[in-house]
Every structure is written in C-alpha cells, then in structure tokens.
Amino acid sequence: MNLTELTAMLRDINFWVPALSAMILALATSLVGSVSVLRGQSLIGDAIGHASLPGVMLAFMLFLTRAPWVLMLGAMVFGYIAYRLIEYLAGPDKADLDRAQAIVLSSFFGLGITLKSVIQSHPHYRQVPKAGLETYIFGQAALAARKDLYMIIGVAIFTIILFFIFYKEIQLSIFDDRFADVTGFKPDLVHQITLILILALIATGLRVVGAILIAALLIAPTVAGLQWKGSFRGVLRVAAVTGVVSAFLGTLLGRLGWPNGASIVFVLSLITLVSIVIGTHSTLRKKRMSRRL
C-alpha cells in the first residue's frame with residue numbers, strides 16, 4: 001500500500017466506523033480491565049468471555065434475531081452466571097480459583113459451540129438469517145456497522161463515566177479492601193459495579209474481537225502500563241494509549257487482508273512484549289541493570 005492509497009483509506013468512512021468501534025472499546029476495556037489485573041484475577045475476564053458465547057447463541061435461539069442488544073444481554077446473563085459459578089467452585093478462600101476458571105471456561109465455551117452447531121443444522125433455524133453469528137467466536141471489526149458503533153459508544157461512555165465516578169473507591173478496593181471498609185467505602189459495592197462493567201464490555205466486544213480474544217483487551221494494556229509506570233494513574237494512562245493505538249493499527253492491518261480481531265490482539269501483544277523487555281519498570285530491565293551493577 002502506497003501513501004496515496006493509505007490517505008484515501010483514512011478518509012473513507014467505511015474504515016473509520018470499525019476503527020472507532022475498536023478504539024473506543026479498547027479505551028474502556030483498558031481502564032476497567034486494570035481492576036482485575038491489579039487484583040490478581042486476570043483470567044476472570046477470559047473465563048467470562050468464553051462463557052458468554054452460549055448466551056449469544058441461546059438469545060438468538062429464543063428470539064430469532066441478530067439484534068446486537070438482544071445478543072449482548074444474552075452474553076451478559078451467561079457471563080454473570082459463569083462468574084457466580086466460578087466463585088462457588090473456588091470456595092470462600094479462592095484456593096481453587098484457577099481450577100474453577102478452567103472448568104467453567106471450557107464447559108461453557110463447549111456449550112456455545114454446540115448451540116452454534118444446532119442453529120446451523122436444525123430445520124427450525126434454516127429460514128432465519130444467522131449470518132454473522134460466527135463473528136462472536138473470533139470477532140470481525142470490519143463488519144461493525146453504524147448501529148454497532150452506537151452501541152459500543154454508549155456502553156463505553158457509560159463504563160468510563162462510572163469508572164471515574166467511583167475512581168477513589170476502586171483505587172482503595174484494589175490496594176486495601178479493609179481500609180476502604182473502615183473509611184466508609186463499600187468494597188463489595190465497588191466489586192459489583194466493576195463486575196457489571198466488565199460484563200457489559202465483554203458482551204459488547206464479542207462482535208469486535210470475539211469470545212476467544214476479548215480477554216487480551218482486558219489484560220494486556222494494563223500489563224504494558226505496569227512496565228512503564230509505578231502509579232495507578234500512570235498505569236491507566238499508558239494502558240489507555242496502548243489499547244487505542246493497538247485497535248487503530250489492528251483495524252488498519254484488517255484493511256490489508258488480515259483478520260481484524262486477531263490483528264488487534266497481535267499488535268497489542270507485540271506492544272506488551274516490547275514493554276516487558278524495555279519498560280522503565282520492567283522486571284527484565286531491572287535484572288539487566290542489577291547484573292551490570
């Protein structure tokens with residue numbers, strides 16, 4: 001692609017609709033995902049993302065529509081069920097958290113694939129338009145229409161506003177639950193609000209990056225931010241920039257023939273890996289400096 005073609009593409013509304021969808025989603029997920037990462041529960045987002053797939057398929061089977069809001073609500077319901085099931089299986093001390101996440105992730109995702117096969121093969125659904133359901137597995141930002149953009153913008157703005165309204169409470173609950181409780185904040189309420197935001201973003205992001213890759217948008221930006229900054233606010237800034245840039249470049253690669261969702265995650269992973277190697281707060285860099293000393 002030469003400079004003329006690149007300029008023409010950047011002026012094309014058909015490029016900016018999916019690009020803005022991915023960028024706004026990445027901005028919101030980078031902020032909210034930081035809560036799970038800093039609490040040491042990074043894989044919760046991965047488990048909920050995979051568990052949301054049967055919710056999408058079941059919502060389609062019940063209402064026979066591909067309306068984004070209907071499928072999103074189905075994904076949120078199953079994501080919430082998966083989260084509660086993980087809590088129950090892990091126990092009060094969270095000793096078996098990894099095991100519970102693995103069980104719920106694999107079983108719910110398998111159920112989603114099974115329901116998708118039923119939709120494709122059962123005579124009852126043959127006359128119902130179902131093109132595009134497969135994008136909820138691997139994602140396809142290039143197929144995002146204006147109605148998808150409006151939905152993503154609405155959910156993302158709502159998420160960002162709530163995040164900053166409860167910014168102090170979230171920060172306290174991350175680093176010291178007991179102190180937050182003593183000072184009058186309610187950590188349990190903050191946890192519930194954070195869970196709702198994560199569920200909404202995952203359900204919205206399935207259309208863009210898919211159930212398999214959605215966890216990367218929640219985890220990787222914060223991991224990159226931790227390699228450069230030592231403060232919570234600094235980590236959020238780097239994470240937000242990392243997510244937005246990755247979404248833009250990934251969508252750009254999608255116009256060159258790469259799969260959009262995978263391209264976004266590829267760029268995001270590349271930036272994160274580079275940050276781990278050369279970041280000012282990177283463990284690898286600190287080890288190299290200590291060896292030199």
# chains A, B, ... in the order shown; residues from 1 in each chain; ligands from 1
$ closest_atom_pairs --of "segment 32-108 of chain A" --to "segment 208-214 of chain A" --cutoff "8 Å" --atoms "only C-alpha atoms" --output "tab-separated table"
residue	atom	partner	partner_atom	distance
A:Gly45	CA	A:Ile214	CA	7.9
A:Asp46	CA	A:Ile214	CA	7.0
A:Gly49	CA	A:Ala211	CA	5.0
A:His50	CA	A:Ala211	CA	5.1
A:Ser52	CA	A:Ala211	CA	7.2
A:Leu53	CA	A:Ala211	CA	6.5
$ write_last_selection --atoms "N, CA, C and O atoms" --output "compact mmCIF listing (two decimals), in the first residue's frame"
# COMPACT_ATOMS: atom_id res chain seq x y z
N GLY A 45 -11.67 -12.36 33.31
CA GLY A 45 -12.18 -11.83 32.05
C GLY A 45 -12.15 -12.86 30.93
O GLY A 45 -13.07 -12.92 30.11
N ASP A 46 -11.10 -13.68 30.90
CA ASP A 46 -11.00 -14.73 29.89
C ASP A 46 -12.12 -15.75 30.07
O ASP A 46 -12.77 -16.17 29.10
N GLY A 49 -15.45 -14.20 29.10
CA GLY A 49 -15.54 -14.04 27.65
C GLY A 49 -15.93 -15.32 26.95
O GLY A 49 -16.81 -15.34 26.09
N HIS A 50 -15.28 -16.42 27.31
CA HIS A 50 -15.63 -17.71 26.72
C HIS A 50 -17.03 -18.15 27.14
O HIS A 50 -17.78 -18.73 26.35
N SER A 52 -19.56 -16.34 27.73
CA SER A 52 -20.62 -15.51 27.14
C SER A 52 -21.14 -16.06 25.83
O SER A 52 -22.25 -15.71 25.41
N LEU A 53 -20.36 -16.91 25.17
CA LEU A 53 -20.76 -17.40 23.85
C LEU A 53 -22.09 -18.15 23.86
O LEU A 53 -22.95 -17.89 23.00
$ residues_around --residues "Gly234 of chain A" --least-positions-apart "6" --cutoff "12 Å" --atoms "only C-alpha atoms" --output "PyMOL selection string"
chain A and resi 31+34+222+224-228+240-241+281
$ closest_residue --among "A:Leu10, A:Ile157, A:Ala26, A:Leu256" --to "Val244 of chain A" --atoms "only C-alpha atoms"
A:Ala26
$ residues_around --residues "His191 of chain A" --least-positions-apart "6" --cutoff "10 Å" --atoms "only C-alpha atoms" --output "list in words"
Val35, Ser36, Glu169, Ile170, Ser173, Ile174 and Leu197 of chain A
$ residues_around --residues "Leu97 of chain A" --least-positions-apart "2" --cutoff "12 Å" --atoms "only C-alpha atoms" --output "short mmCIF file (atom, residue, chain, number, x, y, z; two decimals) with N, CA and C atoms, in the first residue's frame"
data_model
loop_
_atom_site.label_atom_id
_atom_site.label_comp_id
_atom_site.auth_asym_id
_atom_site.auth_seq_id
_atom_site.Cartn_x
_atom_site.Cartn_y
_atom_site.Cartn_z
N GLY A 40 -5.11 -9.37 40.81
CA GLY A 40 -4.61 -10.72 40.61
C GLY A 40 -5.65 -11.68 40.10
N GLN A 41 -6.68 -11.17 39.40
CA GLN A 41 -7.74 -12.01 38.85
C GLN A 41 -7.86 -11.80 37.34
N SER A 42 -6.72 -11.81 36.67
CA SER A 42 -6.69 -11.51 35.24
C SER A 42 -7.53 -12.48 34.42
N LEU A 43 -7.52 -13.76 34.77
CA LEU A 43 -8.19 -14.76 33.95
C LEU A 43 -9.71 -14.77 34.13
N ILE A 44 -10.22 -13.98 35.06
CA ILE A 44 -11.67 -13.88 35.21
C ILE A 44 -12.29 -13.37 33.90
N ALA A 47 -12.35 -16.15 31.32
CA ALA A 47 -13.40 -17.14 31.59
C ALA A 47 -14.78 -16.59 31.24
N TYR A 83 -19.56 -16.22 36.29
CA TYR A 83 -18.80 -15.60 37.38
C TYR A 83 -19.23 -16.15 38.73
N ARG A 84 -20.54 -16.25 38.94
CA ARG A 84 -21.04 -16.78 40.21
C ARG A 84 -20.66 -18.25 40.37
N LEU A 85 -20.67 -19.00 39.30
CA LEU A 85 -20.30 -20.40 39.37
C LEU A 85 -18.82 -20.55 39.71
N ILE A 86 -17.98 -19.67 39.15
CA ILE A 86 -16.56 -19.69 39.48
C ILE A 86 -16.35 -19.40 40.97
N GLU A 87 -17.07 -18.41 41.49
CA GLU A 87 -16.97 -18.08 42.91
C GLU A 87 -17.36 -19.28 43.78
N TYR A 88 -18.45 -19.96 43.38
CA TYR A 88 -18.94 -21.09 44.16
C TYR A 88 -17.93 -22.25 44.14
N LEU A 89 -17.38 -22.55 42.96
CA LEU A 89 -16.45 -23.66 42.84
C LEU A 89 -15.11 -23.35 43.50
N ALA A 90 -14.70 -22.07 43.48
CA ALA A 90 -13.41 -21.70 44.06
C ALA A 90 -13.44 -21.73 45.58
N GLY A 91 -14.63 -21.54 46.18
CA GLY A 91 -14.74 -21.54 47.62
C GLY A 91 -14.47 -20.16 48.20
N PRO A 92 -14.73 -19.98 49.49
CA PRO A 92 -14.57 -18.66 50.13
C PRO A 92 -13.14 -18.15 50.16
N ASP A 93 -12.16 -19.05 50.20
CA ASP A 93 -10.76 -18.61 50.28
C ASP A 93 -10.10 -18.52 48.91
N LYS A 94 -10.86 -18.79 47.84
CA LYS A 94 -10.36 -18.70 46.46
C LYS A 94 -9.17 -19.61 46.19
N ALA A 95 -9.05 -20.68 46.96
CA ALA A 95 -7.90 -21.57 46.81
C ALA A 95 -7.92 -22.30 45.46
N ARG A 99 -8.57 -23.51 39.01
CA ARG A 99 -9.26 -24.73 38.61
C ARG A 99 -10.71 -24.44 38.23
N ALA A 100 -11.37 -23.61 39.02
CA ALA A 100 -12.76 -23.26 38.74
C ALA A 100 -12.88 -22.50 37.43
N GLN A 101 -11.96 -21.59 37.17
CA GLN A 101 -11.99 -20.83 35.93
C GLN A 101 -11.82 -21.75 34.72
N ALA A 102 -10.90 -22.71 34.83
CA ALA A 102 -10.66 -23.63 33.73
C ALA A 102 -11.89 -24.49 33.43
N ILE A 103 -12.54 -24.97 34.49
CA ILE A 103 -13.73 -25.82 34.32
C ILE A 103 -14.87 -25.03 33.67
N VAL A 104 -15.14 -23.84 34.20
CA VAL A 104 -16.25 -23.03 33.67
C VAL A 104 -15.96 -22.57 32.25
N LEU A 105 -14.73 -22.13 32.00
CA LEU A 105 -14.36 -21.64 30.67
C LEU A 105 -14.57 -22.72 29.61
#
$ atom_distance --atom1 "atom CA of Ile152 of chain A" --atom2 "atom CA of Val238 of chain A"
21.7 Å
$ atom_distance --atom1 "atom CA of Gln120 of chain A" --atom2 "atom CA of Gly79 of chain A"
23.2 Å
$ atom_distance --atom1 "atom CA of Ile113 of chain A" --atom2 "atom CA of Glu134 of chain A"
9.7 Å
$ residues_around --residues "Met9 of chain A" --least-positions-apart "4" --cutoff "12 Å" --atoms "only C-alpha atoms" --output "PyMOL selection string"
chain A and resi 1-5+13-17+19+251-256
$ write_last_selection --atoms "all heavy atoms" --output "tab-separated table (two decimals), in the first residue's frame"
chain	number	residue	atom	x	y	z
A	1	MET	N	0.85	-1.20	0.00
A	1	MET	CA	0.00	0.00	0.00
A	1	MET	C	0.88	1.25	0.00
A	1	MET	O	1.74	1.41	0.87
A	1	MET	CB	-0.91	0.02	1.24
A	1	MET	CG	-1.78	1.27	1.34
A	1	MET	SD	-2.80	1.31	2.83
A	1	MET	CE	-3.98	0.03	2.46
A	2	ASN	N	0.66	2.13	-1.00
A	2	ASN	CA	1.44	3.36	-1.07
A	2	ASN	C	0.77	4.47	-0.26
A	2	ASN	O	-0.32	4.30	0.29
A	2	ASN	CB	1.65	3.79	-2.52
A	2	ASN	CG	0.33	3.94	-3.27
A	2	ASN	OD1	-0.65	4.44	-2.72
A	2	ASN	ND2	0.31	3.50	-4.53
A	3	LEU	N	1.42	5.63	-0.23
A	3	LEU	CA	0.94	6.74	0.58
A	3	LEU	C	-0.41	7.25	0.10
A	3	LEU	O	-1.28	7.62	0.90
A	3	LEU	CB	1.97	7.87	0.56
A	3	LEU	CG	1.66	9.10	1.41
A	3	LEU	CD1	1.51	8.69	2.88
A	3	LEU	CD2	2.73	10.16	1.25
A	4	THR	N	-0.62	7.26	-1.23
A	4	THR	CA	-1.90	7.73	-1.78
A	4	THR	C	-3.05	6.84	-1.35
A	4	THR	O	-4.12	7.31	-0.94
A	4	THR	CB	-1.82	7.78	-3.32
A	4	THR	OG1	-0.71	8.62	-3.71
A	4	THR	CG2	-3.11	8.34	-3.90
A	5	GLU	N	-2.84	5.53	-1.43
A	5	GLU	CA	-3.87	4.57	-1.03
A	5	GLU	C	-4.15	4.67	0.47
A	5	GLU	O	-5.30	4.57	0.90
A	5	GLU	CB	-3.44	3.15	-1.39
A	5	GLU	CG	-3.38	2.90	-2.89
A	5	GLU	CD	-2.82	1.53	-3.21
A	5	GLU	OE1	-2.07	0.98	-2.37
A	5	GLU	OE2	-3.11	1.01	-4.30
A	13	ILE	N	-15.11	6.58	5.22
A	13	ILE	CA	-15.97	6.35	6.38
A	13	ILE	C	-16.08	4.88	6.70
A	13	ILE	O	-16.26	4.48	7.86
A	13	ILE	CB	-17.38	6.97	6.14
A	13	ILE	CG1	-18.20	6.90	7.42
A	13	ILE	CG2	-18.08	6.25	4.99
A	13	ILE	CD1	-17.69	7.71	8.55
A	14	ASN	N	-15.95	4.02	5.68
A	14	ASN	CA	-16.04	2.57	5.89
A	14	ASN	C	-14.86	2.03	6.70
A	14	ASN	O	-14.94	0.93	7.24
A	14	ASN	CB	-16.12	1.84	4.55
A	14	ASN	CG	-17.41	2.13	3.82
A	14	ASN	OD1	-18.47	2.26	4.42
A	14	ASN	ND2	-17.33	2.28	2.50
A	15	PHE	N	-13.77	2.80	6.73
A	15	PHE	CA	-12.64	2.42	7.60
A	15	PHE	C	-12.86	2.91	9.02
A	15	PHE	O	-12.61	2.20	9.99
A	15	PHE	CB	-11.33	3.00	7.05
A	15	PHE	CG	-10.20	2.93	8.04
A	15	PHE	CD1	-9.53	1.74	8.28
A	15	PHE	CD2	-9.80	4.07	8.75
A	15	PHE	CE1	-8.48	1.68	9.21
A	15	PHE	CE2	-8.76	4.02	9.67
A	15	PHE	CZ	-8.10	2.82	9.90
A	16	TRP	N	-13.36	4.13	9.17
A	16	TRP	CA	-13.45	4.74	10.48
A	16	TRP	C	-14.58	4.17	11.33
A	16	TRP	O	-14.50	4.24	12.56
A	16	TRP	CB	-13.61	6.26	10.34
A	16	TRP	CG	-12.31	6.91	10.03
A	16	TRP	CD1	-11.92	7.46	8.85
A	16	TRP	CD2	-11.21	7.05	10.93
A	16	TRP	NE1	-10.64	7.95	8.95
A	16	TRP	CE2	-10.18	7.72	10.22
A	16	TRP	CE3	-10.98	6.70	12.26
A	16	TRP	CZ2	-8.95	8.02	10.79
A	16	TRP	CZ3	-9.75	6.99	12.83
A	16	TRP	CH2	-8.76	7.64	12.11
A	17	VAL	N	-15.62	3.61	10.73
A	17	VAL	CA	-16.69	3.02	11.55
A	17	VAL	C	-16.16	1.85	12.38
A	17	VAL	O	-16.27	1.85	13.61
A	17	VAL	CB	-17.88	2.59	10.67
A	17	VAL	CG1	-18.85	1.71	11.47
A	17	VAL	CG2	-18.62	3.82	10.15
A	19	ALA	N	-12.98	1.18	12.90
A	19	ALA	CA	-11.81	1.64	13.65
A	19	ALA	C	-12.23	2.33	14.94
A	19	ALA	O	-11.68	2.06	16.01
A	19	ALA	CB	-10.97	2.57	12.78
A	251	THR	N	-6.99	-2.53	13.12
A	251	THR	CA	-8.02	-2.30	12.10
A	251	THR	C	-7.39	-1.94	10.77
A	251	THR	O	-7.88	-2.33	9.70
A	251	THR	CB	-8.98	-1.18	12.55
A	251	THR	OG1	-9.46	-1.46	13.86
A	251	THR	CG2	-10.16	-1.07	11.61
A	252	LEU	N	-6.29	-1.19	10.82
A	252	LEU	CA	-5.56	-0.84	9.60
A	252	LEU	C	-5.02	-2.09	8.92
A	252	LEU	O	-5.12	-2.25	7.69
A	252	LEU	CB	-4.40	0.10	9.96
A	252	LEU	CG	-3.67	0.79	8.79
A	252	LEU	CD1	-4.62	1.69	8.03
A	252	LEU	CD2	-2.48	1.57	9.32
A	253	LEU	N	-4.47	-3.00	9.70
A	253	LEU	CA	-4.00	-4.27	9.14
A	253	LEU	C	-5.16	-5.08	8.57
A	253	LEU	O	-5.00	-5.81	7.58
A	253	LEU	CB	-3.27	-5.09	10.21
A	253	LEU	CG	-1.90	-4.58	10.66
A	253	LEU	CD1	-1.38	-5.41	11.82
A	253	LEU	CD2	-0.91	-4.59	9.50
A	254	GLY	N	-6.33	-4.94	9.20
A	254	GLY	CA	-7.51	-5.64	8.70
A	254	GLY	C	-7.88	-5.20	7.30
A	254	GLY	O	-8.38	-6.01	6.50
A	255	ARG	N	-7.66	-3.95	6.98
A	255	ARG	CA	-7.94	-3.44	5.63
A	255	ARG	C	-6.96	-4.00	4.61
A	255	ARG	O	-7.22	-3.97	3.40
A	255	ARG	CB	-7.89	-1.92	5.62
A	255	ARG	CG	-8.93	-1.26	6.48
A	255	ARG	CD	-10.30	-1.32	5.86
A	255	ARG	NE	-10.38	-0.49	4.67
A	255	ARG	CZ	-11.50	-0.06	4.13
A	255	ARG	NH1	-12.65	-0.38	4.70
A	255	ARG	NH2	-11.49	0.67	3.04
A	256	LEU	N	-5.83	-4.52	5.09
A	256	LEU	CA	-4.83	-5.11	4.19
A	256	LEU	C	-5.04	-6.61	4.01
A	256	LEU	O	-4.23	-7.27	3.37
A	256	LEU	CB	-3.42	-4.85	4.75
A	256	LEU	CG	-3.03	-3.38	4.92
A	256	LEU	CD1	-1.64	-3.27	5.53
A	256	LEU	CD2	-3.10	-2.65	3.59
$ closest_residue --among "A:Ser106, A:Ser263, A:Thr204, A:Ser246" --to "Ala156 of chain A" --atoms "only C-alpha atoms"
A:Thr204
$ closest_residue --among "A:Leu172, A:Leu206, A:Ile165, A:Ile264" --to "Phe232 of chain A" --atoms "only C-alpha atoms"
A:Leu172
$ closest_residue --among "A:Phe164, A:Ser117, A:Arg126, A:Leu38" --to "Asp176 of chain A" --atoms "only C-alpha atoms"
A:Leu38
$ select_by_dssp --residues "segment 67-108 of chain A" --states "alpha helix (DSSP H)" --output "JSON, numbers by chain"
{"A": [68, 69, 70, 71, 72, 73, 74, 75, 76, 77, 78, 79, 80, 81, 82, 83, 84, 85, 86, 87, 88, 89, 90, 97, 98, 99, 100, 101, 102, 103, 104, 105, 106, 107, 108]}
$ write_last_selection --atoms "N, CA and C atoms" --output "mmCIF file, in the first residue's frame"
data_model
loop_
_atom_site.group_PDB
_atom_site.id
_atom_site.type_symbol
_atom_site.label_atom_id
_atom_site.label_comp_id
_atom_site.auth_asym_id
_atom_site.auth_seq_id
_atom_site.Cartn_x
_atom_site.Cartn_y
_atom_site.Cartn_z
ATOM 1 N N PRO A 68 -28.084 -6.569 17.998
ATOM 2 C CA PRO A 68 -26.926 -6.536 18.906
ATOM 3 C C PRO A 68 -27.304 -6.443 20.377
ATOM 4 N N TRP A 69 -28.349 -5.676 20.712
ATOM 5 C CA TRP A 69 -28.730 -5.506 22.110
ATOM 6 C C TRP A 69 -29.257 -6.809 22.708
ATOM 7 N N VAL A 70 -29.985 -7.572 21.907
ATOM 8 C CA VAL A 70 -30.523 -8.845 22.393
ATOM 9 C C VAL A 70 -29.390 -9.826 22.663
ATOM 10 N N LEU A 71 -28.474 -9.946 21.708
ATOM 11 C CA LEU A 71 -27.352 -10.870 21.870
ATOM 12 C C LEU A 71 -26.425 -10.419 22.998
ATOM 13 N N MET A 72 -26.287 -9.109 23.165
ATOM 14 C CA MET A 72 -25.454 -8.578 24.238
ATOM 15 C C MET A 72 -26.027 -8.941 25.605
ATOM 16 N N LEU A 73 -27.346 -8.804 25.762
ATOM 17 C CA LEU A 73 -27.971 -9.146 27.040
ATOM 18 C C LEU A 73 -27.831 -10.633 27.337
ATOM 19 N N GLY A 74 -27.967 -11.465 26.307
ATOM 20 C CA GLY A 74 -27.760 -12.900 26.496
ATOM 21 C C GLY A 74 -26.351 -13.212 26.953
ATOM 22 N N ALA A 75 -25.364 -12.520 26.363
ATOM 23 C CA ALA A 75 -23.968 -12.721 26.757
ATOM 24 C C ALA A 75 -23.736 -12.279 28.200
ATOM 25 N N MET A 76 -24.352 -11.163 28.598
ATOM 26 C CA MET A 76 -24.172 -10.664 29.963
ATOM 27 C C MET A 76 -24.765 -11.616 30.986
ATOM 28 N N VAL A 77 -25.936 -12.175 30.681
ATOM 29 C CA VAL A 77 -26.588 -13.098 31.612
ATOM 30 C C VAL A 77 -25.713 -14.324 31.840
ATOM 31 N N PHE A 78 -25.212 -14.911 30.755
ATOM 32 C CA PHE A 78 -24.387 -16.113 30.901
ATOM 33 C C PHE A 78 -23.028 -15.775 31.514
ATOM 34 N N GLY A 79 -22.507 -14.586 31.220
ATOM 35 C CA GLY A 79 -21.257 -14.173 31.855
ATOM 36 C C GLY A 79 -21.410 -14.050 33.358
ATOM 37 N N TYR A 80 -22.548 -13.507 33.800
ATOM 38 C CA TYR A 80 -22.797 -13.367 35.237
ATOM 39 C C TYR A 80 -22.958 -14.751 35.887
ATOM 40 N N ILE A 81 -23.680 -15.638 35.213
ATOM 41 C CA ILE A 81 -23.838 -16.997 35.738
ATOM 42 C C ILE A 81 -22.473 -17.674 35.880
ATOM 43 N N ALA A 82 -21.620 -17.492 34.865
ATOM 44 C CA ALA A 82 -20.290 -18.092 34.902
ATOM 45 C C ALA A 82 -19.470 -17.533 36.064
ATOM 46 N N TYR A 83 -19.555 -16.220 36.292
ATOM 47 C CA TYR A 83 -18.795 -15.596 37.379
ATOM 48 C C TYR A 83 -19.234 -16.152 38.730
ATOM 49 N N ARG A 84 -20.540 -16.251 38.936
ATOM 50 C CA ARG A 84 -21.039 -16.781 40.205
ATOM 51 C C ARG A 84 -20.662 -18.249 40.374
ATOM 52 N N LEU A 85 -20.674 -18.997 39.300
ATOM 53 C CA LEU A 85 -20.300 -20.401 39.365
ATOM 54 C C LEU A 85 -18.819 -20.546 39.711
ATOM 55 N N ILE A 86 -17.983 -19.671 39.152
ATOM 56 C CA ILE A 86 -16.557 -19.688 39.481
ATOM 57 C C ILE A 86 -16.347 -19.396 40.970
ATOM 58 N N GLU A 87 -17.067 -18.408 41.487
ATOM 59 C CA GLU A 87 -16.967 -18.084 42.911
ATOM 60 C C GLU A 87 -17.361 -19.275 43.777
ATOM 61 N N TYR A 88 -18.455 -19.958 43.378
ATOM 62 C CA TYR A 88 -18.939 -21.090 44.160
ATOM 63 C C TYR A 88 -17.930 -22.247 44.137
ATOM 64 N N LEU A 89 -17.383 -22.545 42.959
ATOM 65 C CA LEU A 89 -16.449 -23.658 42.835
ATOM 66 C C LEU A 89 -15.106 -23.352 43.495
ATOM 67 N N ALA A 90 -14.702 -22.073 43.479
ATOM 68 C CA ALA A 90 -13.414 -21.700 44.062
ATOM 69 C C ALA A 90 -13.443 -21.734 45.579
ATOM 70 N N LEU A 97 -9.314 -21.169 42.598
ATOM 71 C CA LEU A 97 -9.807 -20.213 41.605
ATOM 72 C C LEU A 97 -9.395 -20.594 40.193
ATOM 73 N N ASP A 98 -8.126 -20.942 39.992
ATOM 74 C CA ASP A 98 -7.652 -21.301 38.650
ATOM 75 C C ASP A 98 -8.372 -22.534 38.119
ATOM 76 N N ARG A 99 -8.571 -23.508 39.010
ATOM 77 C CA ARG A 99 -9.264 -24.734 38.605
ATOM 78 C C ARG A 99 -10.706 -24.442 38.234
ATOM 79 N N ALA A 100 -11.365 -23.609 39.016
ATOM 80 C CA ALA A 100 -12.762 -23.257 38.739
ATOM 81 C C ALA A 100 -12.880 -22.495 37.427
ATOM 82 N N GLN A 101 -11.960 -21.586 37.172
ATOM 83 C CA GLN A 101 -11.987 -20.831 35.929
ATOM 84 C C GLN A 101 -11.821 -21.749 34.720
ATOM 85 N N ALA A 102 -10.901 -22.705 34.833
ATOM 86 C CA ALA A 102 -10.661 -23.628 33.728
ATOM 87 C C ALA A 102 -11.895 -24.485 33.433
ATOM 88 N N ILE A 103 -12.545 -24.968 34.492
ATOM 89 C CA ILE A 103 -13.730 -25.816 34.319
ATOM 90 C C ILE A 103 -14.870 -25.033 33.671
ATOM 91 N N VAL A 104 -15.144 -23.838 34.197
ATOM 92 C CA VAL A 104 -16.246 -23.031 33.673
ATOM 93 C C VAL A 104 -15.958 -22.570 32.253
ATOM 94 N N LEU A 105 -14.726 -22.126 32.005
ATOM 95 C CA LEU A 105 -14.356 -21.644 30.667
ATOM 96 C C LEU A 105 -14.574 -22.716 29.612
ATOM 97 N N SER A 106 -14.028 -23.906 29.841
ATOM 98 C CA SER A 106 -14.101 -24.966 28.838
ATOM 99 C C SER A 106 -15.528 -25.491 28.657
ATOM 100 N N SER A 107 -16.259 -25.667 29.769
ATOM 101 C CA SER A 107 -17.606 -26.237 29.662
ATOM 102 C C SER A 107 -18.583 -25.262 29.000
ATOM 103 N N PHE A 108 -18.525 -23.997 29.376
ATOM 104 C CA PHE A 108 -19.433 -23.015 28.787
ATOM 105 C C PHE A 108 -19.102 -22.766 27.318
#
$ closest_residue --among "A:Ala28, A:Leu217, A:Gly230, A:Gly257" --to "Thr272 of chain A" --atoms "only C-alpha atoms"
A:Leu217
$ closest_residue --among "A:Arg207, A:Arg39, A:Arg11, A:His122" --to "Ile137 of chain A" --atoms "only C-alpha atoms"
A:Arg207
